[in-house]
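Enquirer: One structure coming up, written as structure tokens, with questions to follow.
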Amino acid sequence: MTITVATWNINGVKARIEALTRWLEECGPDIVGLQEIKSVDEGFPREDIERLGYNVATHGQKGFNGVALLSKRPLEDVVERLPGDDGDEHARWIEGTISTETGALRVVSLYLPNGNPVGTEKFPYKISWMDRMLERAEALLGDDTPVALVGDYNVIPMPGDARHPERWVDDALFQPESRSRHRALQNLGFVDAQRAVDDADGIYTFWDYQAGAWQKNNGIRIDHIMLSPLAADALEGVSVEKHTRGWQKPSDHVPVVASLDL
DNA sequence: ATGCCGTTTCGTAAACGA
């Protein structure tokens with residue numbers, strides 16, 4: 001049976017509830033990882049989403065960051081922290097498992113640190129966070145359950161993932177240290193779902209609000225669905241929901257959806 | 001380009017984002 005798993009950096013769930021519910025009704029994904037909900041758990045518009053038939057698990061934070069999982073099936077074994085640094089209070093990680101008639105899928109919604117500006121403490125925080133992510137990703141491979149690591153990675157993996165790669169060479173999203181760790185995730189066995197189904201350049205998931213980036217198609221691909229080998233074997237297709245960027249009051253990111261025959 | 005735009009906060013300017 002086909003399970004659709006999606007990721008969307010919503011850039012403020014309360015400001016975006018109209019677009020979010022519109023897209024959930026239109027697309028009907030089985031499970032969605034949200035990032036940048038910018039809300040505490042108590043402020044999350046849970047009822048508006050539950051009304052559409054979704055279970056909701058949130059890991060919120062005041063003001064910024066914050067991740068969530070929305071699932072038509074019950075969410076089991078929810079974990080809200082990335083291990084490796086008990087002092088890290090940023091809400092950037094939530095994982096949960098859904099059961100299907102034929103098995104299960106473990107889904108992580110992750111919001112990887114931006115890391116800018118390079119040269120401040122923000123960049124080593126990003127890199128050490130990625131090292132922690134790699135540790136957790138490797139541990140998840142030890143289970144029999146297929147895994148989907150979905151989210152805003154804040155990494156431009158390849159030059160072809162940016163309209164103007166030369167403009168990003170000094171940016172944390174395109175640093176060799178960021179890109180090599182994204183490759184390390186693939187070397188563990190995780191597959192970039194988008195590249196697996198279509199290796200074309202020029203497929204973007206983010207367009208800045210500034211300087212007419214959307215109108216000029218000055219975009220980057222930084223929202224990724226990374227699949228463990230068992231999940232990648234089930235991959236049927238990927239959709240970048242580009243049309244949502246043209247809606248009223250859009251997020252600067254668009255959803256990415258993978259279909260898995262599990 | 002210390003710019004552009006958008007969301008959030010014990011707000012009315014500043015932090016954060018990419």
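Identifiers in this document derive from the order of the structure tokens: chains are assigned A, B, ..., residues are numbered from 1 separately in each chain, and ligands are numbered from 1 in order of occurrence.
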Where does chain A meet chain B within 12 Å, residue by residue, with the nearest atom pair and distance in Å to one decimal for each, counting only C-alpha atoms (C1' of nucleotides), listed by chain and rising number, as a Markdown table?
Expert:
| residue | atom | partner | partner_atom | distance |
| --- | --- | --- | --- | --- |
| A:Asn9 | CA | B:DG17 | C1' | 11.8 |
| A:Ile10 | CA | B:DT7 | C1' | 10.8 |
| A:Asn11 | CA | B:DT7 | C1' | 7.3 |
| A:Gly12 | CA | B:DT7 | C1' | 6.4 |
| A:Val13 | CA | B:DT7 | C1' | 9.8 |
| A:Lys14 | CA | B:DT7 | C1' | 9.6 |
| A:Ala15 | CA | B:DT7 | C1' | 7.7 |
| A:Arg16 | CA | B:DT7 | C1' | 10.1 |
| A:Glu36 | CA | B:DG17 | C1' | 9.9 |
| A:Ile37 | CA | B:DT7 | C1' | 10.2 |
| A:Lys38 | CA | B:DT8 | C1' | 7.4 |
| A:Ser39 | CA | B:DT8 | C1' | 9.0 |
| A:Val40 | CA | B:DT8 | C1' | 11.7 |
| A:Gln61 | CA | B:DT8 | C1' | 11.4 |
| A:Lys62 | CA | B:DT8 | C1' | 8.6 |
| A:Gly63 | CA | B:DT8 | C1' | 5.3 |
| A:Phe64 | CA | B:DT8 | C1' | 7.2 |
| A:Asn65 | CA | B:DC16 | C1' | 9.5 |
| A:Pro113 | CA | B:DG17 | C1' | 10.1 |
| A:Asn114 | CA | B:DA18 | C1' | 7.2 |
| A:Gly115 | CA | B:DA18 | C1' | 9.5 |
| A:Asn116 | CA | B:DA18 | C1' | 8.2 |
| A:Pro117 | CA | B:DA18 | C1' | 10.2 |
| A:Lys122 | CA | B:DC16 | C1' | 11.8 |
| A:Asp152 | CA | B:DA18 | C1' | 11.2 |
| A:Tyr153 | CA | B:DA18 | C1' | 11.5 |
| A:Asn154 | CA | B:DA18 | C1' | 8.0 |
| A:Val155 | CA | B:DA18 | C1' | 10.2 |
| A:Ile156 | CA | B:DA18 | C1' | 10.9 |
| A:Arg167 | CA | B:DA18 | C1' | 11.9 |
| A:Trp168 | CA | B:DA18 | C1' | 9.9 |
| A:Asp171 | CA | B:DA18 | C1' | 8.7 |
| A:Ala172 | CA | B:DA18 | C1' | 9.1 |
| A:Leu173 | CA | B:DA18 | C1' | 8.0 |
| A:Phe174 | CA | B:DA18 | C1' | 11.0 |
| A:Phe206 | CA | B:DA18 | C1' | 8.9 |
| A:Trp207 | CA | B:DA18 | C1' | 9.1 |
| A:Asp208 | CA | B:DA18 | C1' | 7.3 |
| A:Tyr209 | CA | B:DC5 | C1' | 4.9 |
| A:Gln210 | CA | B:DC5 | C1' | 4.8 |
| A:Ala211 | CA | B:DC4 | C1' | 5.3 |
| A:Gly212 | CA | B:DC4 | C1' | 8.7 |
| A:Ala213 | CA | B:DC4 | C1' | 10.3 |
| A:Trp214 | CA | B:DC5 | C1' | 11.9 |
| A:Gly219 | CA | B:DA18 | C1' | 10.6 |
| A:Ile220 | CA | B:DA18 | C1' | 9.6 |
| A:Arg221 | CA | B:DA18 | C1' | 11.5 |
| A:Ile222 | CA | B:DA18 | C1' | 10.0 |
| A:Lys249 | CA | B:DG6 | C1' | 9.5 |
| A:Pro250 | CA | B:DG6 | C1' | 9.9 |
| A:Ser251 | CA | B:DG6 | C1' | 9.1 |
| A:Asp252 | CA | B:DG6 | C1' | 8.9 |
| A:His253 | CA | B:DA18 | C1' | 10.7 |
Enquirer: Store the residues picked out above in a file with N, CA and C atoms, as a compact mmCIF listing (two decimals), in the first residue's frame.
Expert:
# COMPACT_ATOMS: atom_id res chain seq x y z
N ASN A 9 8.63 23.29 5.80
CA ASN A 9 8.97 24.38 6.71
C ASN A 9 7.87 25.43 6.56
N ILE A 10 7.04 25.55 7.58
CA ILE A 10 5.81 26.33 7.50
C ILE A 10 6.02 27.80 7.84
N ASN A 11 7.16 28.14 8.42
CA ASN A 11 7.50 29.52 8.80
C ASN A 11 6.39 30.19 9.61
N GLY A 12 6.08 29.58 10.75
CA GLY A 12 5.06 30.16 11.64
C GLY A 12 3.71 29.52 11.43
N VAL A 13 3.36 28.52 12.23
CA VAL A 13 2.12 27.75 11.96
C VAL A 13 0.87 28.58 12.19
N LYS A 14 0.91 29.53 13.12
CA LYS A 14 -0.29 30.33 13.38
C LYS A 14 -0.53 31.33 12.24
N ALA A 15 0.55 31.87 11.70
CA ALA A 15 0.42 32.78 10.56
C ALA A 15 0.06 32.03 9.28
N ARG A 16 0.27 30.72 9.28
CA ARG A 16 0.16 29.93 8.05
C ARG A 16 -0.98 28.92 8.09
N GLU A 36 9.86 24.94 11.84
CA GLU A 36 9.66 26.36 12.14
C GLU A 36 8.19 26.67 12.44
N ILE A 37 7.62 25.89 13.35
CA ILE A 37 6.24 26.20 13.76
C ILE A 37 6.21 27.50 14.57
N LYS A 38 7.31 27.92 15.16
CA LYS A 38 7.39 29.20 15.90
C LYS A 38 6.26 29.33 16.90
N SER A 39 6.00 28.26 17.61
CA SER A 39 4.89 28.24 18.57
C SER A 39 5.25 27.30 19.71
N VAL A 40 4.78 27.65 20.90
CA VAL A 40 4.83 26.68 21.99
C VAL A 40 3.74 25.64 21.75
N GLN A 61 8.61 25.68 20.80
CA GLN A 61 9.52 26.57 21.51
C GLN A 61 9.00 27.98 21.29
N LYS A 62 9.22 28.85 22.25
CA LYS A 62 8.72 30.22 22.14
C LYS A 62 9.53 30.99 21.10
N GLY A 63 8.83 31.61 20.18
CA GLY A 63 9.47 32.57 19.30
C GLY A 63 10.02 32.03 18.00
N PHE A 64 10.83 30.98 18.08
CA PHE A 64 11.40 30.47 16.83
C PHE A 64 11.61 28.96 16.95
N ASN A 65 12.14 28.36 15.90
CA ASN A 65 12.31 26.90 15.80
C ASN A 65 10.95 26.18 15.97
N PRO A 113 20.10 23.46 12.06
CA PRO A 113 20.48 24.87 12.26
C PRO A 113 20.98 25.52 10.98
N ASN A 114 20.63 26.78 10.83
CA ASN A 114 21.04 27.57 9.66
C ASN A 114 22.57 27.72 9.62
N GLY A 115 23.15 28.15 10.73
CA GLY A 115 24.61 28.23 10.81
C GLY A 115 25.24 29.53 10.38
N ASN A 116 24.43 30.49 9.93
CA ASN A 116 24.98 31.80 9.56
C ASN A 116 24.95 32.76 10.74
N PRO A 117 25.89 33.72 10.74
CA PRO A 117 26.99 33.84 9.77
C PRO A 117 28.16 32.90 10.11
N LYS A 122 27.44 30.21 15.70
CA LYS A 122 26.31 29.53 15.06
C LYS A 122 26.77 28.43 14.10
N ASP A 152 13.90 20.46 6.97
CA ASP A 152 14.68 21.58 6.44
C ASP A 152 16.11 21.36 6.89
N TYR A 153 16.94 20.89 5.96
CA TYR A 153 18.34 20.55 6.30
C TYR A 153 19.24 21.78 6.28
N ASN A 154 18.78 22.88 5.71
CA ASN A 154 19.63 24.06 5.58
C ASN A 154 20.98 23.72 4.96
N VAL A 155 20.94 22.78 3.99
CA VAL A 155 22.13 22.40 3.23
C VAL A 155 21.75 22.36 1.75
N ILE A 156 22.54 23.07 0.93
CA ILE A 156 22.46 22.98 -0.53
C ILE A 156 23.45 21.89 -0.92
N ARG A 167 26.67 32.62 -5.50
CA ARG A 167 26.26 33.57 -4.46
C ARG A 167 26.23 32.93 -3.08
N TRP A 168 26.41 31.62 -3.02
CA TRP A 168 26.27 30.91 -1.75
C TRP A 168 27.59 30.41 -1.19
N ASP A 171 28.23 31.14 2.35
CA ASP A 171 27.07 30.91 3.21
C ASP A 171 27.19 29.55 3.90
N ALA A 172 26.67 29.48 5.13
CA ALA A 172 26.72 28.23 5.90
C ALA A 172 26.01 27.09 5.19
N LEU A 173 25.02 27.39 4.35
CA LEU A 173 24.24 26.34 3.69
C LEU A 173 25.05 25.60 2.62
N PHE A 174 26.17 26.21 2.19
CA PHE A 174 26.92 25.66 1.07
C PHE A 174 28.38 25.44 1.43
N PHE A 206 12.92 26.40 -1.76
CA PHE A 206 12.92 27.66 -1.00
C PHE A 206 13.22 28.81 -1.94
N TRP A 207 12.41 29.85 -1.80
CA TRP A 207 12.65 31.12 -2.49
C TRP A 207 12.49 32.22 -1.45
N ASP A 208 13.54 33.06 -1.29
CA ASP A 208 13.53 34.14 -0.31
C ASP A 208 12.36 35.08 -0.59
N TYR A 209 11.83 35.67 0.49
CA TYR A 209 10.80 36.69 0.32
C TYR A 209 11.37 37.95 -0.34
N GLN A 210 12.69 38.12 -0.25
CA GLN A 210 13.30 39.39 -0.63
C GLN A 210 13.74 39.39 -2.09
N ALA A 211 13.81 40.61 -2.61
CA ALA A 211 14.44 40.87 -3.92
C ALA A 211 13.78 40.10 -5.06
N GLY A 212 12.48 39.78 -4.92
CA GLY A 212 11.76 39.11 -6.00
C GLY A 212 12.30 37.74 -6.35
N ALA A 213 12.81 37.04 -5.34
CA ALA A 213 13.44 35.74 -5.60
C ALA A 213 12.48 34.75 -6.26
N TRP A 214 11.23 34.75 -5.81
CA TRP A 214 10.23 33.82 -6.39
C TRP A 214 9.96 34.15 -7.85
N GLY A 219 15.99 30.26 -6.53
CA GLY A 219 15.68 29.35 -5.44
C GLY A 219 16.85 28.46 -5.07
N ILE A 220 16.65 27.69 -4.00
CA ILE A 220 17.61 26.68 -3.57
C ILE A 220 16.84 25.44 -3.11
N ARG A 221 17.48 24.29 -3.17
CA ARG A 221 16.86 23.05 -2.68
C ARG A 221 17.52 22.67 -1.35
N ILE A 222 16.79 22.88 -0.29
CA ILE A 222 17.34 22.62 1.07
C ILE A 222 16.41 21.77 1.93
N LYS A 249 -0.05 34.84 1.26
CA LYS A 249 0.69 34.64 2.53
C LYS A 249 1.43 33.30 2.54
N PRO A 250 2.30 33.07 1.56
CA PRO A 250 2.97 31.76 1.49
C PRO A 250 4.11 31.65 2.50
N SER A 251 4.45 30.42 2.85
CA SER A 251 5.76 30.16 3.46
C SER A 251 6.83 30.40 2.40
N ASP A 252 8.05 30.69 2.84
CA ASP A 252 9.13 30.81 1.86
C ASP A 252 9.64 29.44 1.41
N HIS A 253 9.22 28.37 2.08
CA HIS A 253 9.51 26.99 1.66
C HIS A 253 8.23 26.35 1.10
Enquirer: Mind checking which residues fall within 10 Å of Pro29 of chain A, counting only C-alpha atoms (C1' of nucleotides), ignoring those fewer than 5 positions away in the same chain, and posting them as a VMD selection string?
Expert: chain A and resid 3 to 7 23 to 24 54 70 to 72 257 to 259
Enquirer: Report as a ChimeraX atom specification: the residues of segment 37-171 of chain A with a DSSP assignment of strand (DSSP E or B), based on the backbone of this structure.
Expert: /A:55-59,67-71,76-79,93-99,104-111,118,120,147-152,162
Enquirer: Mind checking DSSP for segment 28-247 of chain A and telling me the helix (DSSP H, G or I) residues as a PyMOL selection string?
Expert: chain A and resi 41-43+46-50+122-140+159-161+165-168+172-174+176-187+193-197+210-212+229-232+242-246
